[in-house]
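To start, the structure itself, in structure tokens.
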Amino acid sequence: MELNWQEMLFQFIGGLGIFLFGIKYMGDGLQKSAGDRLREILDKFTTNPFMGVLAGIFVTVLIQSSSGTTVIVVGLVSAGFMTLRQAIGVVMGANIGTTVTAFIIGIDIGEYALPIIALGAILLFFFKNKKIQNIGQMVFGFGGLFYGLELMSGGMKPLRDLQSFHELTVSLSDNPILGVVVGTVFTLIVQSSSATIGILQELYGSGLLDLDAALPVLFGDNIGTTITAVLAALGASVAARRTAAVHVLFNLIGTTIFLIILPLFTKVIMFMQSSLNLNEPMTIAFAHGTFNVTNTIIQFPFIAVLAYIVTKLIPGKDAIIDYNAQHLDPVFIQQSPAIAIGQAKEEVLRMGQFAVKGLEETNEFLKTKNTKNSETAYQIEGAINNLDKKITDYLVDLSSASLSEVESERHSILMDTVRDIERIGDHFENIVELVEYQQANKVKISEEAMNDLEEMFGLTISTVSQSIEALDVNSLDVAREVIEKEDRIDKMERKLRKQHILRMNEGKCTGQSGIVFVDIISNLERIGDHAVNIAEAVLELK
């Protein structure tokens with residue numbers, strides 16, 4: 001019988017595309033239904049590695065992607081939200097969570113895929129309610145997942161009559177390492193272990209692979225899925241690269257262990273299949289689940305060892321920005337409000353130091369266009385936002401305590417100062433985005449304009465730094481200097497704006513560069529306004 005290769009290929013790659021879209025669309029719907037608070041879930045519920053495992057399972061079930069969870073974790077570790085040990089727990093949980101997709105595929109409802117898609121479409125297009133639309137998105141993605149599988153299965157069925165394919169499956173059965181390599185490479189290409197395991201389920205279900213050949217491919221799928229986290233960590237912080245390395249190491253160790261006990265593991269899966277009366281796709285789902293759960297149980301006690309190994313493999317110190325508050329002890333709110341105000345002030349000062357550092361990184365990014373500076377600036381802005389929320393919550397709790405008149409005034413000043421520092425963070429983030437716009441659109445700023453920006457940046461950084469110093473030591477002299485410097489910033493902003501208009505009229509600068517330049521100096525002028533607010537609060541307190 002002659003095979004229609006074009007029809008087979010189109011059916012397979014089309015089915016794969018619909019399958020991947022279905023998983024992504026279903027995951028997006030689940031994520032929206034959950035309120036899109038994944039970072040918060042991972043931040044709050046990773047107090048220890050065990051909680052990290054549970055959080056990893058939960059988030060991966062929501063977004064239907066272990067790679068997606070690991071990429072989020074890489075970002076959180078890089079930002080200082082999470083330690084490496086906490087991250088290892090989440091990575092282990094993500095590997096368990098991703099098995100849910102295989103179990104969904106194991107439910108043989110492929111013949112109902114089109115009605116499910118139709119139901120999802122009705123919920124999406126005929127209802128205005130956002131919650132119903134999110135459910136519609138989940139249902140549509142769920143149906144698309146099965147429809148894609150049906151198409152892939154139809155495309156692969158003719159392979160059972162192909163002698164060379166039979167020879168390949170025999171080779172995979174005889175050589176488990178070859179199976180691992182095939183699974184790894186295929187998942188590296190597709191970048192979705194859910195997709196490759198879905199294909200494996202269909203191959204096994206169609207009788208194109210036997211269990212001896214399918215299990216090593218399954219192990220390889222788990223190794224291949226780590227590529228997304230590795231790509232996300234390239235060029236990132238040392239901590240981020242270590243987290244990605246843990247993901248790779250965890251799956252490599254698990255695969256090695258299971259290859260050693262492969263005959264025993266195969267017998268266990270065959271026993272499950274016969275005793276639970278599992279169909280072929282569900283058998284692969286149980287094998288996948290058993291592999292990841294057992295691997296987590298084996299390696300969980302050795303989290304500290306894994307952390308040590310990746311620290312040695314990827315040496316170097318990491319300049320992690322600690323997002324978390326260091327001085328806000330809730331015990332003092334009732335026991336000693338005066339100490340609590342002192343604690344809050346220390347955290348506000350720390351927040352102010354972040355603002356100065358963020359401005360310095362933004363200035364460097366403007367000069368060098370080095371993305372490391374912009375990444376650091378964004379991280380600092382994230383830290384400022386987090387501290388803003390934590391300090392404000394602490395001060396709100398403190399307001400219910402019994403405060404003296406002076407303490408009440410200090411409390412009010414700290415509340416205002418937190419808001420000013422948070423706004424400084426917003427403004428230097430705006431400048432980073434303007435520089436990124438300049439790069440993306442190849443906007444040329446003249447050397448003269450760059451010198452003007454450098455001068456104004458230096459004055460602004462100095463003003464913000466002194467406003468934080470004035471708050472720290474309650475210095476009237478420093479506070480007055482800040483007010484005097486802010487007046488210079490205002491005059492400089494007006495002067496530079498006029499000079500730049502002249503440059504544009506003379507053809508030295510373009511209209512686009514004018515927009516970028518004027519927006520940068522406007523943001524710097526507003527930063528100066530927030531610095532003077534802090535200084536004036538110090539003068540009022542005195």
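Residues are named by chain letter and number: chains run A, B, ... in the order of the structure tokens, numbers start at 1 in each chain, and ligands are numbered from 1 in the order shown.
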
Find the residues around Cys509 (chain A) up to 7 Å (only C-alpha atoms counted), leave out those fewer than 6 positions away in its own chain, and share them as a PyMOL selection string.
-> chain A and resi 445-446+503

Suppose we keep N, CA, C and O atoms; can you now write the selection as a PDB file, in the first residue's frame?
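Final output, again_24.pdb:
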```pdb
ATOM      1  N   ILE A 445      20.118  60.512  19.477  1.00  0.00           N
ATOM      2  CA  ILE A 445      20.155  61.720  20.308  1.00  0.00           C
ATOM      3  C   ILE A 445      21.561  62.318  20.189  1.00  0.00           C
ATOM      4  O   ILE A 445      22.554  61.611  20.358  1.00  0.00           O
ATOM      5  N   SER A 446      21.624  63.604  19.895  1.00  0.00           N
ATOM      6  CA  SER A 446      22.923  64.250  19.649  1.00  0.00           C
ATOM      7  C   SER A 446      23.790  64.226  20.909  1.00  0.00           C
ATOM      8  O   SER A 446      23.291  64.085  22.036  1.00  0.00           O
ATOM      9  N   ARG A 503      17.809  73.124  18.791  1.00  0.00           N
ATOM     10  CA  ARG A 503      18.568  72.089  18.072  1.00  0.00           C
ATOM     11  C   ARG A 503      17.714  71.452  16.967  1.00  0.00           C
ATOM     12  O   ARG A 503      18.203  71.167  15.878  1.00  0.00           O
TER      13      ARG A 503
END
```

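Put simply, CA of Thr69 (chain A) is 9.2 Å away from CA of Ile57 (chain A).
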
Would you list the contacts of Ala535 (chain A) as a PDB file with C-alpha atoms, in the first residue's frame, taking every protein, DNA or RNA residue within 8 Å and counting only C-alpha atoms, but skipping same-chain residues closer than 2 positions in sequence?
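Once written, around34.pdb looks like this:
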```
ATOM      1  CA  SER A 467      16.337  63.874  50.512  1.00  0.00           C
ATOM      2  CA  ALA A 470      17.637  64.420  55.352  1.00  0.00           C
ATOM      3  CA  LEU A 471      14.942  61.927  56.397  1.00  0.00           C
ATOM      4  CA  ALA A 479      16.573  69.365  53.599  1.00  0.00           C
ATOM      5  CA  ARG A 480      17.107  73.018  52.585  1.00  0.00           C
ATOM      6  CA  VAL A 482      17.340  69.535  48.554  1.00  0.00           C
ATOM      7  CA  ILE A 483      14.832  72.379  48.068  1.00  0.00           C
ATOM      8  CA  ALA A 531      12.418  64.489  46.487  1.00  0.00           C
ATOM      9  CA  VAL A 532      11.423  67.977  47.652  1.00  0.00           C
ATOM     10  CA  ASN A 533       8.202  66.583  49.157  1.00  0.00           C
ATOM     11  CA  ALA A 537       8.196  66.801  55.401  1.00  0.00           C
ATOM     12  CA  VAL A 538      11.474  66.805  57.376  1.00  0.00           C
ATOM     13  CA  LEU A 539      11.294  70.605  57.734  1.00  0.00           C
TER      14      LEU A 539
END
```

What's the 8 Å shell around Ile468 (chain A), counting only C-alpha atoms, without same-chain residues fewer than 2 positions away, as a ChimeraX atom specification?
-> /A:349,352-353,464-466,470-472,534

Have a look at A:Asp420, A:Leu524, A:Met270, A:Thr510 and name the one nearest to Leu359 (chain A); count only C-alpha atoms.
->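 Of A:Asp420, A:Leu524, A:Met270, A:Thr510, the one nearest Leu359 (chain A), counting only C-alpha atoms, is A:Leu524.
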
Find the spatial neighbours of Phe186 (chain A), counting only C-alpha atoms, within a cut-off of 8 Å - ignore same-chain residues fewer than 4 positions away - and output them as a list in words.
-> Val182, Val190, Thr196, Asp221 and Gly224 of chain A

Once you have the residues from the selection above, write them out as a PDB file, in the first residue's frame, restricted to C-alpha atoms.
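Below is the file that was written, again.pdb:
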```pdb
ATOM      1  CA  VAL A 182      14.593  10.454  20.791  1.00  0.00           C
ATOM      2  CA  VAL A 190       8.479  21.069  20.087  1.00  0.00           C
ATOM      3  CA  THR A 196       5.341  14.917  23.017  1.00  0.00           C
ATOM      4  CA  ASP A 221      10.421  13.939  27.182  1.00  0.00           C
ATOM      5  CA  GLY A 224      13.669  17.857  26.892  1.00  0.00           C
TER       6      GLY A 224
END
```

As a check of understanding: the span from CA of Arg242 (chain A) to CA of Leu188 (chain A) is 19.7 Å

Looking at A:Thr311, A:Thr60, A:Ser274, A:Asn279, which one is nearest to Glu202 (chain A), with distances taken over only C-alpha atoms?
->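 Smallest separation from Glu202 (chain A) among the options: A:Asn279.
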
Which polymer residues have any atom within 12 Å of an atom of Phe300 (chain A), counting only C-alpha atoms, with same-chain residues fewer than 2 positions away left out, as a list in words?
-> Asn48, Pro49, Phe50, Met51, Gly52, Val53, Arg85, Gln86, Ile88, Gly89, Val90, Val91, Met92, Gly93, Phe250, Gly254, Asn292, Val293, Thr294, Asn295, Thr296, Ile297, Ile298, Phe302, Ile303, Ala304, Val305, Leu306 and Ala307 of chain A

Name all residues at most 8 Å from Val77 (chain A) (count only C-alpha atoms; drop same-chain ones fewer than 6 positions away) and give them as a PyMOL selection string.
-> chain A and resi 83-84+87+239-240+243

Just C-alpha atoms for this one: save the residues we selected as a PDB file, in the first residue's frame.
```pdb
ATOM      1  CA  THR A  83      15.653  31.322  47.560  1.00  0.00           C
ATOM      2  CA  LEU A  84      17.252  28.565  45.496  1.00  0.00           C
ATOM      3  CA  ALA A  87      12.745  27.135  43.963  1.00  0.00           C
ATOM      4  CA  ALA A 239      20.614  32.483  40.758  1.00  0.00           C
ATOM      5  CA  ALA A 240      18.372  32.146  37.682  1.00  0.00           C
ATOM      6  CA  THR A 243      17.457  27.309  39.099  1.00  0.00           C
TER       7      THR A 243
END
```

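Ranking A:Thr255, A:Thr417, A:Ser513, A:Asn430 by their shortest atom-to-atom distance to Met450 (chain A), with only C-alpha atoms included, puts A:Ser513 first.
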